[in-house]
Amino acid sequence: MVAAVKPVLIVGNWKMYKTIEESTQFVKELLPLIKESTDSIYLAVPFTLIKSVSDAAKESPLVIGAQNMNDAEEGAFTGEVAARMLIDAGAKFVILGHAERRRIFQETNAFINKKLKRALKDGLQPILCIGETLEEREAQKTKEVLEEQLKGCLEGIEPTELQTLILAYEPVWSIGSGLVPTKEEAEELMQMAKDLLEGLVGKTASKPILIIYGGSVTPENAKSFLDQAHIDGLLVGGASLSAVTFSKIINYPI
Ligand code: PGA
């Protein structure tokens, strides 16, 4: 097995897939395949799997997290889940503002901002997702959209509070579509996201905020993204559902 050439962060996002049995089987299959990896490996699983996958992944490099949360500490919010409940179940991080939450569940930057504040307050590492739609891209509004999302989502948060933040840039048109920007385009967009972020929060004190790329990542294209200077890692949806396929991304170059 070939070890990764630079330490990177690989985040799997299972979306609404897998039962408890399927998820623990996945972990059993994945761990021997990635034992030589030096990457940080995160897995965002459905709420119902956080406990079982955390238990199955104990004493392994796998870090387990959630895909969403509510902004309130607790309360009468039928069907919602609080950050402290996620932490209690074993979650270490949470994905916020994923394009599917924005599009299907009408999540706004203002709502994501509240969730982000709650995650930071309660000690859950946030992965904030931003990205433009195809229409916005074609109208040359990408920069404007990313800036608006960043501004709205980070409003009222002190730069010093953002030490644990991870930013995921995912062009919406690339998610689940098989369409990807060229590596040069991706690098340019990531650089833009990084510049916008630094413009808003300054160069935060001790370490730079990690920026990862997401959208139709596969074992075949992972290396071309990870080779880019401004890409610190990948957010992987469909290709994280199979242990073998996910391990090939983790063990890049293949
Ligand atoms: P995909 O999903 O890899 O299946 O395109 C990425 C994501 O939604 O985070």
# chains A, B, ... in the order shown; residues from 1 in each chain; ligands from 1
$ residues_around --residues "region 183-192 of chain A" --least-positions-apart "3" --cutoff "7 Å" --atoms "only C-alpha atoms" --output "PDB file with C-alpha atoms, in the first residue's frame"
ATOM      1  CA  TYR A 169     -15.999  24.306  -0.840  1.00  0.00           C
ATOM      2  CA  ASP A 195      -8.788  34.703   0.283  1.00  0.00           C
ATOM      3  CA  LEU A 196     -12.426  35.567   1.051  1.00  0.00           C
ATOM      4  CA  SER A 224      -5.441  15.651  -8.947  1.00  0.00           C
ATOM      5  CA  PHE A 225      -7.277  17.699  -6.291  1.00  0.00           C
ATOM      6  CA  GLN A 228      -3.137  21.405  -5.462  1.00  0.00           C
ATOM      7  CA  HIS A 230      -4.727  25.247  -1.605  1.00  0.00           C
ATOM      8  CA  ILE A 231      -6.643  22.003  -1.195  1.00  0.00           C
TER       9      ILE A 231
END
$ select_by_dssp --residues "region 42-74 of chain A" --states "strand (DSSP E or B)" --output "ChimeraX atom specification"
/A:42-44,62-66
$ residues_near_ligand --ligand "ligand 1" --cutoff "9 Å" --atoms "only C-alpha atoms and all ligand atoms" --output "count of residues only"
33
$ select_by_dssp --residues "region 73-248 of chain A" --states "helix (DSSP H, G or I)" --output "ChimeraX atom specification"
/A:83-89,99-104,109-122,134-138,142-154,159-162,172-174,183-201,222-226,238-240,243-248
$ residues_around --residues "Gly123 (chain A)" --least-positions-apart "2" --cutoff "10 Å" --atoms "only C-alpha atoms" --output "JSON, numbers by chain"
{"A": [83, 84, 87, 92, 93, 117, 118, 119, 120, 121, 125, 126, 164]}
$ write_last_selection --atoms "C-alpha atoms" --output "JSON list (two decimals), in the first residue's frame"
[["chain", "number", "residue", "atom", "x", "y", "z"],
["A", 83, "ALA", "CA", -25.15, 19.43, 19.68],
["A", 84, "ARG", "CA", -24.81, 18.10, 23.23],
["A", 87, "ILE", "CA", -21.37, 14.79, 21.56],
["A", 92, "LYS", "CA", -16.62, 15.00, 17.40],
["A", 93, "PHE", "CA", -17.64, 17.19, 14.46],
["A", 117, "LYS", "CA", -22.30, 29.46, 17.02],
["A", 118, "ARG", "CA", -23.94, 26.62, 18.94],
["A", 119, "ALA", "CA", -21.47, 24.01, 17.64],
["A", 120, "LEU", "CA", -18.51, 26.21, 18.63],
["A", 121, "LYS", "CA", -20.04, 26.95, 22.04],
["A", 125, "GLN", "CA", -15.90, 20.91, 15.42],
["A", 126, "PRO", "CA", -17.82, 22.48, 12.51],
["A", 164, "THR", "CA", -11.36, 24.44, 14.86]]
